[in-house]
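Below: one structure, written as structure tokens.
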There are 2 protein chains.
Amino acid sequence: MIDFRPVLFIIGILVSTIAVAMFVPAAADMTVGNDEWQVFAASAALTLFIGIMMVVMNRSERRNLSLRQAFILTTLSWLVMPAVAALPLYFGNLGLSYTDAFFEAMSGLTTTGSTVLVGLDYGMPGMLLWRALLQWLGGIGIIAMAVAVLPLLQVGGMQLFRMESSDTSDKVMPRAAQIVTGISVVYVVLTLICALLYWSFGMTGFDAVAHAMTTIATGGFSTHDASIGFFHDARIDLTATLFMIIGSLPFVLYLQALRGRPGNLMADSQVRWFLTIVALSIGAVSFWLLDSSDESSLHLVRAAAFNVVSIITGTGYATADFNAWGPFPAAIIFFLMFVGGCAGSTTCGMKVFRFQVLHATALCQMRRLLQPHGVFIPYYNNRAIPEEVTTSVLGFFFLYGIAFALLAIGLGLCGLDFITATSGAATAISNVGPGLGPTIGPAGSFAPLPDGAKWLLSFGILLSRLELFTVLVLFLPSFWRN
Amino acid sequence: MIDFRPVLFIIGILVSTIAVAMFVPAAADMTVGNDEWQVFAASAALTLFIGIMMVVMNRSERRNLSLRQAFILTTLSWLVMPAVAALPLYFGNLGLSYTDAFFEAMSGLTTTGSTVLVGLDYGMPGMLLWRALLQWLGGIGIIAMAVAVLPLLQVGGMQLFRMESSDTSDKVMPRAAQIVTGISVVYVVLTLICALLYWSFGMTGFDAVAHAMTTIATGGFSTHDASIGFFHDARIDLTATLFMIIGSLPFVLYLQALRGRPGNLMADSQVRWFLTIVALSIGAVSFWLLDSSDESSLHLVRAAAFNVVSIITGTGYATADFNAWGPFPAAIIFFLMFVGGCAGSTTCGMKVFRFQVLHATALCQMRRLLQPHGVFIPYYNNRAIPEEVTTSVLGFFFLYGIAFALLAIGLGLCGLDFITATSGAATAISNVGPGLGPTIGPAGSFAPLPDGAKWLLSFGILLSRLELFTVLVLFLPSFWRN
């Protein structure tokens, strides 16, 4: 039998953290004299009670988790956190069902950014702040997980980023906790810089902070229905584009840059690939728009850059309804959803390093076709890729494809039309936010979908956020035996 | 320098074969007193001239092809054959451009079944016979290639089917040529049985032969715009369903069955997986149709079975416009396009054995997550899968995904809408035939697409028919060096 106590103990701590965070929107509502502060205060009290009970009841001497416990902890914590984070959304005066509240919280904490809410412009500051806060906390949680947990679990090729795998002389810092602390400081500072820029370019202080939090987390929740498009400001668009890109690069490299190795950032092949893909996509979409629209070229390139970056980074902000751009940009945007940013960032999707590993492997295979007895070794970042990493990444790609197909078919079963079902599956499994088509496109919301579809989408979001394997391994009968 | 002479010599023989085949429709047109026999006769003469010239000018002493020559031969022959097979379509009185004629011939020879023609019901018998003949010849050509050529080229995991890899005691027949001859006999006999059944169930002799040829080849060209739906006959639907399935199983196993080992057919895990996927898909689609339609349940199950089998086998016949069936069947049908039948059959798509290899690999990986130091070996058909087969298959899956995405984006650039572009890319890269949506759906045709889109689709068809690697390897600079 697996001992659940150490797992529940840690989840208790996480739940208590969420509870403490609820006091922030409570304070915000209270300062503007909004009665809804009571909802947050009550939810915080209830959540804190649950969290503390879990901690108290599951104290034990043993601190080291087994591998199985670590898997259960990872999946269970990402189920329990949205379940409690949904409470203020459910108890508030938005009229949300628990399904809607859970979907919104899951979408928030995983930095997906799909929303069931409309009428954000008239929303209470507490509620808007809570959504932004969820993404911001989720963002740093994901980086911490990618740096400290996933490489140890060895899921989907993440073992490439194990700290031991780097040269001993090259060790930036000895322990994961230290790295996570360092990254958190970088994260806070970047958020502040982003907020200051937004504010200096004309956002209110509240909007600036809320958007800075969801920009750096590549989350995409906004305080306006028109998203960043609400502000109609080239400088704000540019700031958002820049900070979405910053949020998509490996945060460990920022730490290295601060420690005197700024060259590492541009020397990293994942960073180079990512920026190249972004540049090519912006170029292709701009080319199409310039050819088919009469608007000023600067305006069109700005729109192309913003929306391409928003999609590939999985942020999900919008400044334009890219559905109306025509078939070529729609197809590019659809496939960009799957790409994602770099490992070790706040982005989701398949991530660029996996495409690099797959590309290197496919090239080696073609060379081997010509020289069946030659030895060809795929490289990543100038290092030979171990065989088990290759199969791990390839297996990830396969499961991703299967999960996408099953999710789209499931959404079809719920009655969603073809574009909504396929792009909904794509956006969920890549944690992007908006889909394509009139319902869930950038100008729409997920509210009209049936409850079944929302639970399916929530599951898809969870699956991809935890790199598939972490969740799927729990469904192996052998996991629970012995 | 690569010596092209032996390559052109063999292509000359293939071209001459095509030329000889053109006399069949010429004879058909002549017997019904149709002047178009002259088009076929002239095309045959021209093609025969080209073929014989190639043979004569490239005679040489050396018969053994190098690996590079084999790769060039495979791709080049599948480019030259449709180029000459298109001649009667171009010279005929159909008013086709050469682009349309080439697309139709490529679609025919590869047993894809996408068509640019409408008004088939009023077509000349010669032209209709030529299209059927192209698919029938293409079908046996594909099986021969899958049995004799691709395993040697080791592309995309096809080395699993190398004859040496089977137990020496288990060798069915010693040489590839013998096997191909045996399979050809089976192919002819099955075509005759299918034609007899069609004829006994009310088709004219001409329709019966034409449809039998395109059924066993899982090609899908029909002599009527309404495809098999024209006949409105349950027995014909059932016959077609059965023979499409027969055309999707490994033909080598039929040979083994005839040699006294019928058990091998059902013991083969690829066959079991394929039949299971077919049964589950028919069940799911029937379930949806029964729930949403008032027609008789037998009628609905028959329609579900026929169209599911038609899509997964890549045949592309239709008895109903499945676009109108709703989102759930549409999503299932979309993803079934990618699956395909068994290796060593006339079908295309990714093929079932690749899904088996991927599934076995993914399971092993999940087990390894729980026991990082355990040894887990994936199995296919009760044999351990060699590591290089696994990476080969996984690389194939990756390239398939990339090719699909680039093709869909390219079609978007040609101005096709989202559903037409994505389902067009899917249907081309899986050699299915019809796509989804009003233009290229089962009730439409590819004629309205711009020329650029037709060339793109032709390239996609070629790419997947030759298992991607065979074509892509030619684009490696190192292929042409030394």
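Chain labels A, B, ... are given in the sequence in which chains occur in the structure tokens; within each chain residues are numbered consecutively from 1, and ligands are likewise numbered from 1 in the order shown.
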key: Test item: residues at most 8 Å from region 450-457 of chain A, only C-alpha atoms, excluding those fewer than 3 positions along its chain, as a list in words   =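 Final neighbour list, sorted by chain and number: Thr99, Asp100, Phe103, Leu407, Gly410, Leu411, Cys414, Gly424, Ala425, Ala428, Phe446, Gly460 and Ile461 of chain A.
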query = Could you write out, as an MDAnalysis selection string, all the residues of region 236-401 of chain A that DSSP marks as strand (DSSP E)?
reply = chainID A and resid 379:380 383:384
Let me see the file: selected residues, N, CA and C atoms, as a CSV table (one decimal), in the first residue's frame.
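Resulting contents of again01.csv:
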```
chain,number,residue,atom,x,y,z
A,379,TYR,N,22.3,15.1,-31.7
A,379,TYR,CA,22.8,16.0,-30.7
A,379,TYR,C,21.8,17.1,-30.3
A,380,TYR,N,21.8,17.4,-29.0
A,380,TYR,CA,21.0,18.6,-28.5
A,380,TYR,C,21.9,19.5,-27.7
A,383,ARG,N,25.4,18.3,-27.2
A,383,ARG,CA,25.6,17.1,-26.4
A,383,ARG,C,24.9,15.9,-27.1
A,384,ALA,N,25.5,14.8,-27.1
A,384,ALA,CA,24.8,13.6,-27.6
A,384,ALA,C,23.5,13.3,-26.8
```
message = Residues of chain A were defined as contacting chain B if any atom lay at most 7 Å from it, counting only C-alpha atoms; please report them as a VMD selection string.
response = chain A and resid 67 to 68 153 to 154 327 to 328 331 to 332 335 358 361 to 362 365 to 366 369 to 370 391 to 392 394 to 395 398 405 408 to 409 412 to 413 415 to 418 469 473
query = Which parts of region 83-284 of chain B does DSSP call alpha helix (DSSP H) when run on the backbone here, written out as number ranges by chain?
reply = B: 83-85, 87-91, 98-109, 125-144, 150-153, 176-200, 205-216, 234-247, 251-258, 263-267, 269-284
message = I'd like the contact shell of Thr112 (chain A) - 9 Å cut-off, only C-alpha atoms, skipping same-chain residues fewer than 6 positions apart - returned as a PyMOL selection string.
response = chain A and resi 106+135+218-221+314-316+347-348+427-428+430-434+461
Residue selection dump (N, CA, C and O atoms) as an mmCIF file, in the first residue's frame:
```cif
data_model
loop_
_atom_site.group_PDB
_atom_site.id
_atom_site.type_symbol
_atom_site.label_atom_id
_atom_site.label_comp_id
_atom_site.auth_asym_id
_atom_site.auth_seq_id
_atom_site.Cartn_x
_atom_site.Cartn_y
_atom_site.Cartn_z
ATOM 1 N N MET A 106 -8.870 26.037 -13.069
ATOM 2 C CA MET A 106 -7.891 25.156 -13.709
ATOM 3 C C MET A 106 -7.188 25.886 -14.842
ATOM 4 O O MET A 106 -5.962 25.837 -14.974
ATOM 5 N N GLN A 135 -2.972 32.868 -12.232
ATOM 6 C CA GLN A 135 -2.026 32.600 -13.314
ATOM 7 C C GLN A 135 -0.600 32.881 -12.877
ATOM 8 O O GLN A 135 0.324 32.145 -13.217
ATOM 9 N N THR A 218 2.689 33.964 -19.113
ATOM 10 C CA THR A 218 2.117 33.564 -20.406
ATOM 11 C C THR A 218 0.736 32.937 -20.207
ATOM 12 O O THR A 218 0.412 31.902 -20.776
ATOM 13 N N GLY A 219 -0.053 33.609 -19.350
ATOM 14 C CA GLY A 219 -1.372 33.058 -18.990
ATOM 15 C C GLY A 219 -2.468 33.563 -19.913
ATOM 16 O O GLY A 219 -3.180 32.794 -20.530
ATOM 17 N N GLY A 220 -2.627 34.875 -19.988
ATOM 18 C CA GLY A 220 -3.544 35.426 -20.947
ATOM 19 C C GLY A 220 -4.866 35.939 -20.408
ATOM 20 O O GLY A 220 -5.650 36.502 -21.163
ATOM 21 N N PHE A 221 -5.148 35.765 -19.095
ATOM 22 C CA PHE A 221 -6.362 36.386 -18.551
ATOM 23 C C PHE A 221 -6.196 37.895 -18.619
ATOM 24 O O PHE A 221 -5.114 38.420 -18.385
ATOM 25 N N GLY A 314 1.459 30.324 -25.901
ATOM 26 C CA GLY A 314 0.324 29.814 -25.138
ATOM 27 C C GLY A 314 -0.271 30.845 -24.206
ATOM 28 O O GLY A 314 -0.943 30.504 -23.242
ATOM 29 N N THR A 315 -0.024 32.126 -24.490
ATOM 30 C CA THR A 315 -0.587 33.155 -23.613
ATOM 31 C C THR A 315 -2.081 33.281 -23.867
ATOM 32 O O THR A 315 -2.887 33.085 -22.963
ATOM 33 N N GLY A 316 -2.424 33.638 -25.102
ATOM 34 C CA GLY A 316 -3.835 33.705 -25.421
ATOM 35 C C GLY A 316 -4.442 35.078 -25.367
ATOM 36 O O GLY A 316 -5.655 35.226 -25.472
ATOM 37 N N THR A 347 5.533 28.412 -20.309
ATOM 38 C CA THR A 347 4.700 28.007 -21.447
ATOM 39 C C THR A 347 4.402 26.512 -21.432
ATOM 40 O O THR A 347 5.023 25.747 -20.704
ATOM 41 N N CYS A 348 3.460 26.143 -22.266
ATOM 42 C CA CYS A 348 3.117 24.724 -22.371
ATOM 43 C C CYS A 348 3.299 24.291 -23.822
ATOM 44 O O CYS A 348 4.205 24.746 -24.502
ATOM 45 N N THR A 427 -6.214 23.719 -28.196
ATOM 46 C CA THR A 427 -5.925 24.820 -27.268
ATOM 47 C C THR A 427 -5.823 24.297 -25.835
ATOM 48 O O THR A 427 -5.016 24.782 -25.039
ATOM 49 N N ALA A 428 -6.617 23.289 -25.497
ATOM 50 C CA ALA A 428 -6.559 22.729 -24.139
ATOM 51 C C ALA A 428 -5.257 21.967 -23.937
ATOM 52 O O ALA A 428 -4.552 22.141 -22.947
ATOM 53 N N SER A 430 -2.575 22.263 -25.325
ATOM 54 C CA SER A 430 -1.376 23.074 -25.412
ATOM 55 C C SER A 430 -1.447 24.274 -24.473
ATOM 56 O O SER A 430 -0.575 25.127 -24.484
ATOM 57 N N ASN A 431 -2.490 24.328 -23.647
ATOM 58 C CA ASN A 431 -2.667 25.407 -22.671
ATOM 59 C C ASN A 431 -2.538 26.796 -23.291
ATOM 60 O O ASN A 431 -1.858 27.668 -22.743
ATOM 61 N N VAL A 432 -3.184 26.979 -24.424
ATOM 62 C CA VAL A 432 -3.087 28.259 -25.117
ATOM 63 C C VAL A 432 -4.122 29.246 -24.608
ATOM 64 O O VAL A 432 -3.801 30.334 -24.148
ATOM 65 N N GLY A 433 -5.406 28.868 -24.660
ATOM 66 C CA GLY A 433 -6.476 29.768 -24.245
ATOM 67 C C GLY A 433 -7.594 29.763 -25.252
ATOM 68 O O GLY A 433 -8.476 28.922 -25.193
ATOM 69 N N PRO A 434 -7.549 30.687 -26.229
ATOM 70 C CA PRO A 434 -8.634 30.708 -27.205
ATOM 71 C C PRO A 434 -8.468 29.624 -28.255
ATOM 72 O O PRO A 434 -7.368 29.117 -28.476
ATOM 73 N N ILE A 461 -6.270 19.878 -20.220
ATOM 74 C CA ILE A 461 -5.352 20.917 -19.727
ATOM 75 C C ILE A 461 -4.408 20.320 -18.687
ATOM 76 O O ILE A 461 -3.191 20.516 -18.731
#
```
request  = Compile the contact shell of Ala226 (chain A) as a ChimeraX atom specification: residues with an atom at most 9 Å away, counting only C-alpha atoms, same-chain residues fewer than 4 positions apart removed.
outcome  = /A:121,222,230-231,317-320,442-443
Okay, now the selection with all heavy atoms, as a short mmCIF file (atom, residue, chain, number, x, y, z; two decimals), in the first residue's frame?
```cif
data_model
loop_
_atom_site.label_atom_id
_atom_site.label_comp_id
_atom_site.auth_asym_id
_atom_site.auth_seq_id
_atom_site.Cartn_x
_atom_site.Cartn_y
_atom_site.Cartn_z
N ASP A 121 -15.12 43.84 -18.17
CA ASP A 121 -14.91 45.27 -17.99
C ASP A 121 -15.73 45.83 -16.82
O ASP A 121 -15.40 46.87 -16.28
CB ASP A 121 -15.27 46.01 -19.29
CG ASP A 121 -14.48 45.48 -20.46
OD1 ASP A 121 -14.76 44.35 -20.92
OD2 ASP A 121 -13.57 46.17 -20.90
N SER A 222 -7.29 38.58 -18.94
CA SER A 222 -7.26 40.04 -19.02
C SER A 222 -8.34 40.60 -18.10
O SER A 222 -9.18 39.86 -17.59
CB SER A 222 -7.48 40.48 -20.46
OG SER A 222 -7.62 41.88 -20.54
N PHE A 230 -8.04 46.14 -26.01
CA PHE A 230 -8.80 47.22 -25.37
C PHE A 230 -8.03 48.53 -25.37
O PHE A 230 -8.60 49.60 -25.49
CB PHE A 230 -9.11 46.79 -23.94
CG PHE A 230 -9.75 47.86 -23.08
CD1 PHE A 230 -11.12 48.06 -23.10
CD2 PHE A 230 -8.96 48.65 -22.26
CE1 PHE A 230 -11.70 49.03 -22.30
CE2 PHE A 230 -9.53 49.64 -21.46
CZ PHE A 230 -10.90 49.83 -21.49
N PHE A 231 -6.68 48.43 -25.23
CA PHE A 231 -5.90 49.65 -25.00
C PHE A 231 -5.51 50.35 -26.29
O PHE A 231 -5.18 51.53 -26.28
CB PHE A 231 -4.64 49.32 -24.19
CG PHE A 231 -4.97 48.69 -22.86
CD1 PHE A 231 -4.85 47.32 -22.66
CD2 PHE A 231 -5.44 49.48 -21.80
CE1 PHE A 231 -5.18 46.75 -21.45
CE2 PHE A 231 -5.76 48.90 -20.59
CZ PHE A 231 -5.64 47.53 -20.41
N TYR A 317 -3.60 36.11 -25.20
CA TYR A 317 -4.12 37.47 -25.38
C TYR A 317 -4.52 37.62 -26.84
O TYR A 317 -4.02 36.91 -27.71
CB TYR A 317 -3.02 38.50 -25.16
CG TYR A 317 -2.63 38.78 -23.74
CD1 TYR A 317 -1.30 39.06 -23.45
CD2 TYR A 317 -3.55 38.81 -22.71
CE1 TYR A 317 -0.88 39.34 -22.16
CE2 TYR A 317 -3.14 39.10 -21.42
CZ TYR A 317 -1.81 39.37 -21.14
OH TYR A 317 -1.40 39.66 -19.88
N ALA A 318 -5.39 38.60 -27.11
CA ALA A 318 -5.71 38.89 -28.50
C ALA A 318 -5.78 40.40 -28.68
O ALA A 318 -6.17 41.13 -27.76
CB ALA A 318 -7.02 38.25 -28.89
N THR A 319 -5.37 40.88 -29.84
CA THR A 319 -5.62 42.28 -30.20
C THR A 319 -6.48 42.33 -31.45
O THR A 319 -6.87 43.39 -31.88
CB THR A 319 -4.33 43.08 -30.49
OG1 THR A 319 -3.64 42.44 -31.57
CG2 THR A 319 -3.45 43.13 -29.28
N ALA A 320 -6.72 41.16 -32.05
CA ALA A 320 -7.51 41.13 -33.27
C ALA A 320 -8.18 39.77 -33.35
O ALA A 320 -7.73 38.82 -32.72
CB ALA A 320 -6.61 41.34 -34.48
N PRO A 442 -10.91 33.93 -30.40
CA PRO A 442 -10.44 35.01 -29.54
C PRO A 442 -11.53 36.00 -29.17
O PRO A 442 -11.43 36.67 -28.15
CB PRO A 442 -9.33 35.67 -30.36
CG PRO A 442 -9.47 35.15 -31.75
CD PRO A 442 -10.15 33.83 -31.64
N ALA A 443 -12.59 36.06 -29.97
CA ALA A 443 -13.66 37.00 -29.66
C ALA A 443 -14.77 36.34 -28.84
O ALA A 443 -15.74 36.99 -28.47
CB ALA A 443 -14.24 37.58 -30.96
#
```
task = Find the residues near Val252 (chain B): any atom within 9 Å, counting only C-alpha atoms, skip ones fewer than 3 places away on the same chain, and give them as a PyMOL selection string.
result = chain B and resi 147+179-180+182-183+249+255-257+344-345
Keeping only C-alpha atoms, write the selected residues to a file as a compact mmCIF listing (two decimals), in the first residue's frame.
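Output file part_29.txt follows:
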```txt
# COMPACT_ATOMS: atom_id res chain seq x y z
CA VAL B 147 7.04 -6.80 -49.88
CA ILE B 179 6.19 -14.17 -53.36
CA VAL B 180 5.19 -11.27 -55.58
CA GLY B 182 2.03 -15.64 -55.75
CA ILE B 183 0.45 -12.48 -54.42
CA LEU B 249 -4.83 -7.09 -44.69
CA LEU B 255 -0.42 -16.79 -49.52
CA GLN B 256 0.46 -18.53 -46.27
CA ALA B 257 -3.20 -19.46 -45.81
CA GLY B 344 1.83 -5.21 -47.04
CA SER B 345 -1.66 -4.36 -48.24
```
message = Give me the residues near Ser77 (chain B) as a PyMOL selection string, where near means some atom within 12 Å (using only C-alpha atoms) and where sequence neighbours in that chain fewer than 2 positions away do not count.
response = chain B and resi 7-15+18+51+69-75+79-85+106+109-110+138+141+145+462+466+471
